[in-house]
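The file start.pdb contains PDB, C-alpha atoms and all ligand atoms:
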```pdb
ATOM      1  CA  MET A   1       0.000   0.000   0.000  1.00  0.00           C
ATOM      2  CA  LYS A   2       1.410   3.377  -0.973  1.00  0.00           C
ATOM      3  CA  LYS A   3       1.036   6.293   1.395  1.00  0.00           C
ATOM      4  CA  ILE A   4      -0.288   9.549  -0.010  1.00  0.00           C
ATOM      5  CA  GLY A   5      -1.486  10.161  -3.558  1.00  0.00           C
ATOM      6  CA  LEU A   6      -1.836  13.763  -4.655  1.00  0.00           C
ATOM      7  CA  PHE A   7      -4.201  13.859  -7.644  1.00  0.00           C
ATOM      8  CA  TYR A   8      -4.684  16.995  -9.708  1.00  0.00           C
ATOM      9  CA  GLY A   9      -5.861  18.054 -13.129  1.00  0.00           C
ATOM     10  CA  ALA A  10      -2.718  18.605 -15.170  1.00  0.00           C
ATOM     11  CA  ASN A  11      -4.539  20.462 -17.926  1.00  0.00           C
ATOM     12  CA  THR A  12      -5.311  23.193 -15.408  1.00  0.00           C
ATOM     13  CA  VAL A  13      -2.222  25.391 -15.191  1.00  0.00           C
ATOM     14  CA  LYS A  14      -2.537  26.949 -11.759  1.00  0.00           C
ATOM     15  CA  THR A  15      -3.878  23.798 -10.118  1.00  0.00           C
ATOM     16  CA  ALA A  16      -0.821  21.887 -11.317  1.00  0.00           C
ATOM     17  CA  ALA A  17       1.490  24.543  -9.864  1.00  0.00           C
ATOM     18  CA  ILE A  18      -0.314  24.489  -6.502  1.00  0.00           C
ATOM     19  CA  ALA A  19      -0.192  20.676  -6.407  1.00  0.00           C
ATOM     20  CA  LYS A  20       3.586  20.811  -6.812  1.00  0.00           C
ATOM     21  CA  LYS A  21       3.849  23.428  -4.068  1.00  0.00           C
ATOM     22  CA  ILE A  22       1.808  21.256  -1.699  1.00  0.00           C
ATOM     23  CA  GLN A  23       4.078  18.311  -2.442  1.00  0.00           C
ATOM     24  CA  GLU A  24       7.155  20.458  -1.708  1.00  0.00           C
ATOM     25  CA  VAL A  25       5.720  21.784   1.542  1.00  0.00           C
ATOM     26  CA  PHE A  26       4.857  18.239   2.586  1.00  0.00           C
ATOM     27  CA  GLY A  27       8.576  17.714   2.221  1.00  0.00           C
ATOM     28  CA  ASP A  28       8.454  14.019   1.535  1.00  0.00           C
ATOM     29  CA  SER A  29       9.081  12.188  -1.671  1.00  0.00           C
ATOM     30  CA  LYS A  30       6.559   9.546  -0.634  1.00  0.00           C
ATOM     31  CA  THR A  31       3.768  11.894  -1.609  1.00  0.00           C
ATOM     32  CA  ASP A  32       3.132  10.851  -5.216  1.00  0.00           C
ATOM     33  CA  LEU A  33       1.941  13.482  -7.662  1.00  0.00           C
ATOM     34  CA  VAL A  34      -0.564  11.883 -10.036  1.00  0.00           C
ATOM     35  CA  PRO A  35      -2.052  13.837 -12.957  1.00  0.00           C
ATOM     36  CA  VAL A  36      -5.676  12.758 -12.957  1.00  0.00           C
ATOM     37  CA  GLU A  37      -5.604  12.582 -16.751  1.00  0.00           C
ATOM     38  CA  HIS A  38      -3.235   9.632 -16.399  1.00  0.00           C
ATOM     39  CA  ALA A  39      -4.852   8.022 -13.385  1.00  0.00           C
ATOM     40  CA  TRP A  40      -6.877   4.906 -13.866  1.00  0.00           C
ATOM     41  CA  GLU A  41      -9.734   4.407 -11.497  1.00  0.00           C
ATOM     42  CA  LYS A  42      -8.174   1.748  -9.259  1.00  0.00           C
ATOM     43  CA  GLU A  43      -5.160   3.954  -8.659  1.00  0.00           C
ATOM     44  CA  PHE A  44      -7.156   5.901  -6.091  1.00  0.00           C
ATOM     45  CA  GLU A  45      -7.574   2.691  -4.065  1.00  0.00           C
ATOM     46  CA  GLN A  46      -3.806   2.065  -3.866  1.00  0.00           C
ATOM     47  CA  TYR A  47      -3.161   4.886  -1.444  1.00  0.00           C
ATOM     48  CA  ASP A  48      -3.741   5.110   2.286  1.00  0.00           C
ATOM     49  CA  HIS A  49      -4.841   8.699   1.926  1.00  0.00           C
ATOM     50  CA  LEU A  50      -5.544  11.100  -0.900  1.00  0.00           C
ATOM     51  CA  ILE A  51      -5.083  14.783  -1.567  1.00  0.00           C
ATOM     52  CA  VAL A  52      -7.117  15.904  -4.562  1.00  0.00           C
ATOM     53  CA  GLY A  53      -7.121  19.281  -6.265  1.00  0.00           C
ATOM     54  CA  THR A  54      -9.282  20.999  -8.813  1.00  0.00           C
ATOM     55  CA  ALA A  55     -10.094  24.411 -10.193  1.00  0.00           C
ATOM     56  CA  THR A  56     -13.696  25.533 -10.632  1.00  0.00           C
ATOM     57  CA  TRP A  57     -14.641  26.364 -14.198  1.00  0.00           C
ATOM     58  CA  PHE A  58     -17.753  27.263 -16.144  1.00  0.00           C
ATOM     59  CA  ASP A  59     -19.574  28.970 -13.247  1.00  0.00           C
ATOM     60  CA  GLY A  60     -19.477  26.243 -10.645  1.00  0.00           C
ATOM     61  CA  GLU A  61     -18.410  23.195 -12.645  1.00  0.00           C
ATOM     62  CA  LEU A  62     -15.412  20.879 -12.556  1.00  0.00           C
ATOM     63  CA  PRO A  63     -12.826  21.116 -15.331  1.00  0.00           C
ATOM     64  CA  THR A  64     -12.528  18.433 -17.985  1.00  0.00           C
ATOM     65  CA  TYR A  65     -11.188  15.083 -16.742  1.00  0.00           C
ATOM     66  CA  TRP A  66     -12.364  15.505 -13.149  1.00  0.00           C
ATOM     67  CA  ASP A  67     -15.828  16.057 -14.526  1.00  0.00           C
ATOM     68  CA  GLU A  68     -15.638  12.909 -16.613  1.00  0.00           C
ATOM     69  CA  MET A  69     -14.249  10.860 -13.732  1.00  0.00           C
ATOM     70  CA  ILE A  70     -17.057  11.527 -11.261  1.00  0.00           C
ATOM     71  CA  PRO A  71     -19.118   8.399 -12.124  1.00  0.00           C
ATOM     72  CA  GLU A  72     -15.995   6.216 -11.796  1.00  0.00           C
ATOM     73  CA  LEU A  73     -14.987   7.847  -8.525  1.00  0.00           C
ATOM     74  CA  LYS A  74     -18.412   7.105  -7.103  1.00  0.00           C
ATOM     75  CA  SER A  75     -18.001   3.420  -7.918  1.00  0.00           C
ATOM     76  CA  LEU A  76     -14.762   3.034  -5.920  1.00  0.00           C
ATOM     77  CA  ASN A  77     -14.428   1.564  -2.447  1.00  0.00           C
ATOM     78  CA  LEU A  78     -12.522   4.156  -0.433  1.00  0.00           C
ATOM     79  CA  LYS A  79     -13.807   3.156   3.016  1.00  0.00           C
ATOM     80  CA  GLY A  80     -11.309   4.024   5.767  1.00  0.00           C
ATOM     81  CA  LYS A  81      -9.382   6.481   3.608  1.00  0.00           C
ATOM     82  CA  LYS A  82      -9.025  10.158   4.302  1.00  0.00           C
ATOM     83  CA  VAL A  83      -9.381  12.603   1.441  1.00  0.00           C
ATOM     84  CA  ALA A  84      -8.246  16.231   1.649  1.00  0.00           C
ATOM     85  CA  ILE A  85      -9.375  18.590  -1.096  1.00  0.00           C
ATOM     86  CA  PHE A  86      -7.907  21.825  -2.376  1.00  0.00           C
ATOM     87  CA  GLY A  87      -9.697  24.011  -4.864  1.00  0.00           C
ATOM     88  CA  LEU A  88      -8.756  27.006  -6.947  1.00  0.00           C
ATOM     89  CA  GLY A  89     -11.204  29.775  -7.632  1.00  0.00           C
ATOM     90  CA  ASP A  90     -11.758  33.484  -8.006  1.00  0.00           C
ATOM     91  CA  GLN A  91     -13.912  35.103  -5.328  1.00  0.00           C
ATOM     92  CA  VAL A  92     -14.105  38.504  -7.078  1.00  0.00           C
ATOM     93  CA  ASN A  93     -15.317  37.400 -10.512  1.00  0.00           C
ATOM     94  CA  TYR A  94     -17.246  34.290  -9.410  1.00  0.00           C
ATOM     95  CA  PRO A  95     -18.652  35.266  -5.987  1.00  0.00           C
ATOM     96  CA  ASP A  96     -21.722  33.025  -6.379  1.00  0.00           C
ATOM     97  CA  ASN A  97     -19.800  29.850  -7.188  1.00  0.00           C
ATOM     98  CA  PHE A  98     -16.565  30.329  -5.300  1.00  0.00           C
ATOM     99  CA  VAL A  99     -14.569  27.053  -5.314  1.00  0.00           C
ATOM    100  CA  ASP A 100     -17.721  25.001  -5.918  1.00  0.00           C
ATOM    101  CA  GLY A 101     -15.454  22.309  -7.358  1.00  0.00           C
ATOM    102  CA  ILE A 102     -14.343  21.417  -3.828  1.00  0.00           C
ATOM    103  CA  ALA A 103     -17.930  20.428  -3.005  1.00  0.00           C
ATOM    104  CA  LEU A 104     -18.323  18.385  -6.199  1.00  0.00           C
ATOM    105  CA  LEU A 105     -15.236  16.322  -5.355  1.00  0.00           C
ATOM    106  CA  ALA A 106     -16.299  16.018  -1.701  1.00  0.00           C
ATOM    107  CA  GLU A 107     -19.672  14.584  -2.748  1.00  0.00           C
ATOM    108  CA  ALA A 108     -18.060  11.997  -5.029  1.00  0.00           C
ATOM    109  CA  PHE A 109     -15.408  10.870  -2.536  1.00  0.00           C
ATOM    110  CA  GLU A 110     -17.895  10.696   0.326  1.00  0.00           C
ATOM    111  CA  PHE A 111     -20.157   8.582  -1.879  1.00  0.00           C
ATOM    112  CA  ALA A 112     -17.192   6.216  -2.331  1.00  0.00           C
ATOM    113  CA  GLY A 113     -16.920   5.877   1.462  1.00  0.00           C
ATOM    114  CA  ALA A 114     -13.969   8.176   2.191  1.00  0.00           C
ATOM    115  CA  SER A 115     -13.968  10.758   4.958  1.00  0.00           C
ATOM    116  CA  ILE A 116     -13.213  14.335   4.077  1.00  0.00           C
ATOM    117  CA  VAL A 117     -10.538  16.034   6.183  1.00  0.00           C
ATOM    118  CA  GLY A 118      -8.641  19.305   5.897  1.00  0.00           C
ATOM    119  CA  LEU A 119     -11.706  21.505   6.414  1.00  0.00           C
ATOM    120  CA  THR A 120     -10.935  25.221   6.777  1.00  0.00           C
ATOM    121  CA  SER A 121     -12.433  28.495   7.919  1.00  0.00           C
ATOM    122  CA  PRO A 122     -13.920  30.895   5.327  1.00  0.00           C
ATOM    123  CA  GLU A 123     -12.323  33.789   7.211  1.00  0.00           C
ATOM    124  CA  GLY A 124     -10.186  35.982   4.959  1.00  0.00           C
ATOM    125  CA  TYR A 125     -12.263  35.357   1.814  1.00  0.00           C
ATOM    126  CA  THR A 126     -15.167  37.495   0.549  1.00  0.00           C
ATOM    127  CA  PHE A 127     -17.839  35.770  -1.534  1.00  0.00           C
ATOM    128  CA  ALA A 128     -21.628  35.547  -1.720  1.00  0.00           C
ATOM    129  CA  GLN A 129     -22.041  31.776  -1.878  1.00  0.00           C
ATOM    130  CA  SER A 130     -20.169  28.543  -2.308  1.00  0.00           C
ATOM    131  CA  ARG A 131     -21.343  24.952  -2.433  1.00  0.00           C
ATOM    132  CA  ALA A 132     -18.129  24.175  -0.572  1.00  0.00           C
ATOM    133  CA  LEU A 133     -19.373  26.027   2.520  1.00  0.00           C
ATOM    134  CA  LYS A 134     -21.139  23.608   4.873  1.00  0.00           C
ATOM    135  CA  GLU A 135     -22.232  24.700   8.339  1.00  0.00           C
ATOM    136  CA  GLY A 136     -19.850  27.634   8.255  1.00  0.00           C
ATOM    137  CA  THR A 137     -16.820  25.595   7.197  1.00  0.00           C
ATOM    138  CA  LEU A 138     -15.142  25.118   3.820  1.00  0.00           C
ATOM    139  CA  LEU A 139     -14.829  21.456   2.810  1.00  0.00           C
ATOM    140  CA  GLY A 140     -11.172  21.945   1.877  1.00  0.00           C
ATOM    141  CA  LEU A 141      -8.487  24.503   1.176  1.00  0.00           C
ATOM    142  CA  ALA A 142      -9.567  27.402  -1.052  1.00  0.00           C
ATOM    143  CA  ILE A 143      -6.783  28.996  -3.094  1.00  0.00           C
ATOM    144  CA  ASP A 144      -7.524  32.243  -4.895  1.00  0.00           C
ATOM    145  CA  ASP A 145      -4.352  32.898  -6.815  1.00  0.00           C
ATOM    146  CA  ASP A 146      -6.226  35.340  -9.052  1.00  0.00           C
ATOM    147  CA  THR A 147      -7.138  37.932  -6.428  1.00  0.00           C
ATOM    148  CA  GLN A 148      -5.203  36.904  -3.281  1.00  0.00           C
ATOM    149  CA  PRO A 149      -1.890  35.493  -4.570  1.00  0.00           C
ATOM    150  CA  ASP A 150      -0.019  36.930  -1.576  1.00  0.00           C
ATOM    151  CA  LYS A 151      -1.946  34.601   0.742  1.00  0.00           C
ATOM    152  CA  THR A 152      -1.327  31.379  -1.176  1.00  0.00           C
ATOM    153  CA  ASP A 153       1.965  30.271   0.382  1.00  0.00           C
ATOM    154  CA  GLU A 154       0.799  30.769   3.949  1.00  0.00           C
ATOM    155  CA  ARG A 155      -2.505  29.018   3.272  1.00  0.00           C
ATOM    156  CA  ILE A 156      -0.655  26.009   1.893  1.00  0.00           C
ATOM    157  CA  LYS A 157       1.783  25.924   4.801  1.00  0.00           C
ATOM    158  CA  ASN A 158      -1.009  26.044   7.388  1.00  0.00           C
ATOM    159  CA  TRP A 159      -3.078  23.420   5.575  1.00  0.00           C
ATOM    160  CA  VAL A 160      -0.199  20.964   5.263  1.00  0.00           C
ATOM    161  CA  SER A 161       0.496  21.328   9.018  1.00  0.00           C
ATOM    162  CA  GLN A 162      -3.189  20.700   9.659  1.00  0.00           C
ATOM    163  CA  LEU A 163      -3.191  17.591   7.446  1.00  0.00           C
ATOM    164  CA  LYS A 164      -0.181  16.179   9.276  1.00  0.00           C
ATOM    165  CA  LYS A 165      -2.068  16.628  12.560  1.00  0.00           C
ATOM    166  CA  GLU A 166      -5.083  14.927  10.972  1.00  0.00           C
ATOM    167  CA  GLY A 167      -3.067  11.816  10.211  1.00  0.00           C
ATOM    168  CA  PHE A 168      -1.499  12.524   6.820  1.00  0.00           C
ATOM    169  CA  SER A 169       1.994  11.280   7.260  1.00  0.00           C
ATOM    170  CA  ALA A 170       4.153   9.782   4.537  1.00  0.00           C
ATOM    171  CA  LYS A 171       6.689   8.509   7.042  1.00  0.00           C
TER     172      LYS A 171
HETATM  173  C1  LIG B 201     -14.403  30.665 -17.778  1.00  0.00           C
HETATM  174  C2  LIG B 201     -14.024  30.630 -16.338  1.00  0.00           C
HETATM  175  C3  LIG B 201     -14.964  30.243 -15.395  1.00  0.00           C
HETATM  176  C4  LIG B 201     -14.643  30.226 -14.030  1.00  0.00           C
HETATM  177  N1  LIG B 201     -15.593  29.865 -13.113  1.00  0.00           N
HETATM  178  C5  LIG B 201     -15.285  29.926 -11.787  1.00  0.00           C
HETATM  179  C6  LIG B 201     -16.264  29.615 -10.802  1.00  0.00           C
HETATM  180  O1  LIG B 201     -17.410  29.290 -11.109  1.00  0.00           O
HETATM  181  N2  LIG B 201     -15.911  29.688  -9.493  1.00  0.00           N
HETATM  182  C7  LIG B 201     -14.646  30.045  -9.102  1.00  0.00           C
HETATM  183  O2  LIG B 201     -14.381  30.096  -7.892  1.00  0.00           O
HETATM  184  N3  LIG B 201     -13.690  30.338 -10.012  1.00  0.00           N
HETATM  185  C8  LIG B 201     -13.973  30.283 -11.334  1.00  0.00           C
HETATM  186  N4  LIG B 201     -13.018  30.594 -12.266  1.00  0.00           N
HETATM  187  C9  LIG B 201     -11.651  30.962 -11.797  1.00  0.00           C
HETATM  188  C10 LIG B 201     -10.667  29.816 -11.874  1.00  0.00           C
HETATM  189  O3  LIG B 201     -11.064  28.733 -11.067  1.00  0.00           O
HETATM  190  C11 LIG B 201      -9.298  30.313 -11.408  1.00  0.00           C
HETATM  191  O4  LIG B 201      -8.831  31.288 -12.320  1.00  0.00           O
HETATM  192  C12 LIG B 201      -8.280  29.209 -11.244  1.00  0.00           C
HETATM  193  O5  LIG B 201      -7.116  29.750 -10.646  1.00  0.00           O
HETATM  194  C13 LIG B 201      -7.914  28.562 -12.568  1.00  0.00           C
HETATM  195  O6  LIG B 201      -7.021  27.514 -12.328  1.00  0.00           O
HETATM  196  P1  LIG B 201      -6.419  26.614 -13.510  1.00  0.00           P
HETATM  197  O7  LIG B 201      -5.371  27.438 -14.214  1.00  0.00           O
HETATM  198  O8  LIG B 201      -5.814  25.447 -12.798  1.00  0.00           O
HETATM  199  O9  LIG B 201      -7.554  26.253 -14.410  1.00  0.00           O
HETATM  200  C14 LIG B 201     -13.331  30.594 -13.618  1.00  0.00           C
HETATM  201  C15 LIG B 201     -12.379  30.976 -14.580  1.00  0.00           C
HETATM  202  C16 LIG B 201     -12.717  31.005 -15.926  1.00  0.00           C
HETATM  203  C17 LIG B 201     -11.666  31.436 -16.914  1.00  0.00           C
END
```
Let me see the structure of the file written as structure tokens.
Ligand SMILES: Cc1cc2nc3c(=O)[nH]c(=O)nc-3n(C[C@H](O)[C@H](O)[C@H](O)COP(=O)(O)O)c2cc1C
Amino acid sequence: MKKIGLFYGANTVKTAAIAKKIQEVFGDSKTDLVPVEHAWEKEFEQYDHLIVGTATWFDGELPTYWDEMIPELKSLNLKGKKVAIFGLGDQVNYPDNFVDGIALLAEAFEFAGASIVGLTSPEGYTFAQSRALKEGTLLGLAIDDDTQPDKTDERIKNWVSQLKKEGFSAK
């Protein structure tokens, strides 16, 4: 069993860059970076825990590839695994659908039996609504590199520390 798989959409430029940053901050080569375009469905089951990242496109939708994978993801058996989600978005230009993609992945992975960890506070962001906001908490890490790029590095650092406390260890 491999330890941590970090799945991201490689056709999405900023998401790919953030995935690499998260891997660096994790500081462990045992965190595998897996472009979701090249992942086959069972690959998700090989890992103890998963980190998955997506941008939100098309006013609240998932980008290509993640979108197409949702039915397959729902058919997996991920019971006992922890899944942490990061999502890229733009709170200024898409205030009604800010990082909705986080919620779409959360729904699919929960359906497959995984538990979602790495929840964060919406403090510091300004938006009207987000499907990723549940009971006052975001279902993952929101990165807005479009309008708050200066906050990205610190958000990643804090989130990775949080994940390590929540049991994500590649050691
Ligand atoms: C056509 C288009 C639609 C978008 N829709 C949303 C959206 O609904 N919600 C959101 O938070 N961000 C939205 N965004 C912003 C992107 O998620 C953001 O720019 C992100 O950093 C892009 O990452 P990528 O380069 O990995 O695709 C949209 C951007 C574009 C160009």
Spatial neighbours of stretch 30-34 of chain A, 10 Å, all atoms listed in the file, chain gap at least 6 places, as a PDB file with C-alpha atoms, in the frame of the given file:
```pdb
ATOM      1  CA  LYS A   2       1.410   3.377  -0.973  1.00  0.00           C
ATOM      2  CA  LYS A   3       1.036   6.293   1.395  1.00  0.00           C
ATOM      3  CA  ILE A   4      -0.288   9.549  -0.010  1.00  0.00           C
ATOM      4  CA  GLY A   5      -1.486  10.161  -3.558  1.00  0.00           C
ATOM      5  CA  LEU A   6      -1.836  13.763  -4.655  1.00  0.00           C
ATOM      6  CA  PHE A   7      -4.201  13.859  -7.644  1.00  0.00           C
ATOM      7  CA  TYR A   8      -4.684  16.995  -9.708  1.00  0.00           C
ATOM      8  CA  GLY A   9      -5.861  18.054 -13.129  1.00  0.00           C
ATOM      9  CA  ALA A  10      -2.718  18.605 -15.170  1.00  0.00           C
ATOM     10  CA  ALA A  16      -0.821  21.887 -11.317  1.00  0.00           C
ATOM     11  CA  ALA A  19      -0.192  20.676  -6.407  1.00  0.00           C
ATOM     12  CA  LYS A  20       3.586  20.811  -6.812  1.00  0.00           C
ATOM     13  CA  ILE A  22       1.808  21.256  -1.699  1.00  0.00           C
ATOM     14  CA  GLN A  23       4.078  18.311  -2.442  1.00  0.00           C
ATOM     15  CA  GLU A  24       7.155  20.458  -1.708  1.00  0.00           C
ATOM     16  CA  GLU A  43      -5.160   3.954  -8.659  1.00  0.00           C
ATOM     17  CA  PHE A  44      -7.156   5.901  -6.091  1.00  0.00           C
ATOM     18  CA  TYR A  47      -3.161   4.886  -1.444  1.00  0.00           C
ATOM     19  CA  HIS A  49      -4.841   8.699   1.926  1.00  0.00           C
ATOM     20  CA  LEU A  50      -5.544  11.100  -0.900  1.00  0.00           C
ATOM     21  CA  ILE A  51      -5.083  14.783  -1.567  1.00  0.00           C
ATOM     22  CA  VAL A  52      -7.117  15.904  -4.562  1.00  0.00           C
ATOM     23  CA  PHE A 168      -1.499  12.524   6.820  1.00  0.00           C
ATOM     24  CA  SER A 169       1.994  11.280   7.260  1.00  0.00           C
ATOM     25  CA  ALA A 170       4.153   9.782   4.537  1.00  0.00           C
ATOM     26  CA  LYS A 171       6.689   8.509   7.042  1.00  0.00           C
TER      27      LYS A 171
END
```
Which centre and edge lengths in Å to one decimal define the box along x, y and z that fits every listed atom of ligand LIG 201 (chain B) plus 6 Å per side, as lines of an AutoDock Vina configuration file?
```
center_x = -11.4
center_y = 28.4
center_z = -12.8
size_x = 24.0
size_y = 18.0
size_z = 21.9
```
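From atom C1 of ligand LIG 201 (chain B) back to atom CA of A:Glu107, the distance works out to 22.6 Å.
The closest residue to A:Gln148, picked from A:Ile85, A:Ile116, A:Asp90, A:Ala132 and counting all atoms listed in the file, is A:Asp90.
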Considering only C-alpha atoms and all ligand atoms, give me a table of residues in chain A that are at most 9 Å from ligand LIG 201 (chain B), with the closest atom pair and distance in Å for each, as a Markdown table.
```
| residue | atom | partner | partner_atom | distance |
| --- | --- | --- | --- | --- |
| A:Gly9 | CA | B:LIG201 | O8 | 7.4 |
| A:Ala10 | CA | B:LIG201 | O8 | 7.9 |
| A:Asn11 | CA | B:LIG201 | O8 | 7.3 |
| A:Thr12 | CA | B:LIG201 | O8 | 3.5 |
| A:Val13 | CA | B:LIG201 | O7 | 3.9 |
| A:Lys14 | CA | B:LIG201 | O8 | 3.8 |
| A:Thr15 | CA | B:LIG201 | O8 | 3.7 |
| A:Ala16 | CA | B:LIG201 | O8 | 6.3 |
| A:Ala17 | CA | B:LIG201 | O8 | 7.9 |
| A:Ile18 | CA | B:LIG201 | O8 | 8.4 |
| A:Thr54 | CA | B:LIG201 | O8 | 6.9 |
| A:Ala55 | CA | B:LIG201 | O3 | 4.5 |
| A:Thr56 | CA | B:LIG201 | O3 | 4.2 |
| A:Trp57 | CA | B:LIG201 | N1 | 3.8 |
| A:Phe58 | CA | B:LIG201 | C3 | 4.1 |
| A:Asp59 | CA | B:LIG201 | O1 | 3.1 |
| A:Gly60 | CA | B:LIG201 | O1 | 3.7 |
| A:Glu61 | CA | B:LIG201 | O1 | 6.4 |
| A:Leu62 | CA | B:LIG201 | O1 | 8.8 |
| A:Pro63 | CA | B:LIG201 | O9 | 7.4 |
| A:Gly87 | CA | B:LIG201 | O3 | 7.9 |
| A:Leu88 | CA | B:LIG201 | C12 | 4.9 |
| A:Gly89 | CA | B:LIG201 | O2 | 3.2 |
| A:Asp90 | CA | B:LIG201 | N3 | 4.2 |
| A:Gln91 | CA | B:LIG201 | O2 | 5.6 |
| A:Val92 | CA | B:LIG201 | O2 | 8.5 |
| A:Asn93 | CA | B:LIG201 | N3 | 7.3 |
| A:Tyr94 | CA | B:LIG201 | N2 | 4.8 |
| A:Pro95 | CA | B:LIG201 | O2 | 7.0 |
| A:Asp96 | CA | B:LIG201 | N2 | 7.4 |
| A:Asn97 | CA | B:LIG201 | N2 | 4.5 |
| A:Phe98 | CA | B:LIG201 | O2 | 3.4 |
| A:Val99 | CA | B:LIG201 | O2 | 4.0 |
| A:Asp100 | CA | B:LIG201 | N2 | 6.2 |
| A:Gly101 | CA | B:LIG201 | N2 | 7.7 |
| A:Ser130 | CA | B:LIG201 | O2 | 8.2 |
| A:Ala142 | CA | B:LIG201 | O2 | 8.8 |
| A:Ile143 | CA | B:LIG201 | O5 | 7.6 |
| A:Asp144 | CA | B:LIG201 | O5 | 6.3 |
| A:Asp145 | CA | B:LIG201 | O5 | 5.7 |
| A:Asp146 | CA | B:LIG201 | O4 | 5.8 |
```
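Across the model, the gap from atom CA of A:Glu72 to atom CA of A:Ile156 is 28.5 Å.
Pairwise distance (atom CA of A:Ile70, atom CA of A:Leu138) equals 20.4 Å.
With all atoms listed in the file as the basis for measurement, A:Leu119 is the residue among A:Val36, A:Ala103, A:Leu119, A:Ala114 that approaches A:Asn158 most closely.
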Residues near A:Ser121, anyone? I mean within 12 Å using all atoms listed in the file, not counting same-chain ones fewer than 6 positions away, as a PyMOL selection string.
chain A and resi 132-142+155+158-159
Those residues you just picked out, can you put them in a file as a short mmCIF file (atom, residue, chain, number, x, y, z; two decimals), in the frame of the given file with C-alpha atoms?
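Generated file (out-v6.cif):
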```
data_model
loop_
_atom_site.label_atom_id
_atom_site.label_comp_id
_atom_site.auth_asym_id
_atom_site.auth_seq_id
_atom_site.Cartn_x
_atom_site.Cartn_y
_atom_site.Cartn_z
CA ALA A 132 -18.13 24.18 -0.57
CA LEU A 133 -19.37 26.03 2.52
CA LYS A 134 -21.14 23.61 4.87
CA GLU A 135 -22.23 24.70 8.34
CA GLY A 136 -19.85 27.63 8.26
CA THR A 137 -16.82 25.60 7.20
CA LEU A 138 -15.14 25.12 3.82
CA LEU A 139 -14.83 21.46 2.81
CA GLY A 140 -11.17 21.94 1.88
CA LEU A 141 -8.49 24.50 1.18
CA ALA A 142 -9.57 27.40 -1.05
CA ARG A 155 -2.50 29.02 3.27
CA ASN A 158 -1.01 26.04 7.39
CA TRP A 159 -3.08 23.42 5.58
#
```
Tell me which protein, DNA and RNA residues are within 9 Å of A:Ala108, counting all atoms listed in the file, leaving out same-chain ones fewer than 6 positions away, and put them as a VMD selection string.
chain A and resid 70 to 71 73 to 74
Any chance you can output those residues with C-alpha atoms as a short mmCIF file (atom, residue, chain, number, x, y, z; two decimals), in the coordinates of the input?
```cif
data_model
loop_
_atom_site.label_atom_id
_atom_site.label_comp_id
_atom_site.auth_asym_id
_atom_site.auth_seq_id
_atom_site.Cartn_x
_atom_site.Cartn_y
_atom_site.Cartn_z
CA ILE A 70 -17.06 11.53 -11.26
CA PRO A 71 -19.12 8.40 -12.12
CA LEU A 73 -14.99 7.85 -8.52
CA LYS A 74 -18.41 7.10 -7.10
#
```
Pick from A:Ala84, A:Ile102, A:Met69, A:Leu78 nearest to A:His38, counting all atoms listed in the file
A:Met69
Of A:Phe86, A:Phe109, A:Tyr125, A:Trp66, the one sitting nearest A:Lys151 when using only C-alpha atoms is A:Tyr125
Report as a PyMOL selection string the full result of the PyMOL selection byres (((chain A and resi 77) around 8) and not hetatm) when it is applied to this structure.
chain A and resi 45+75-76+78-79+112-113
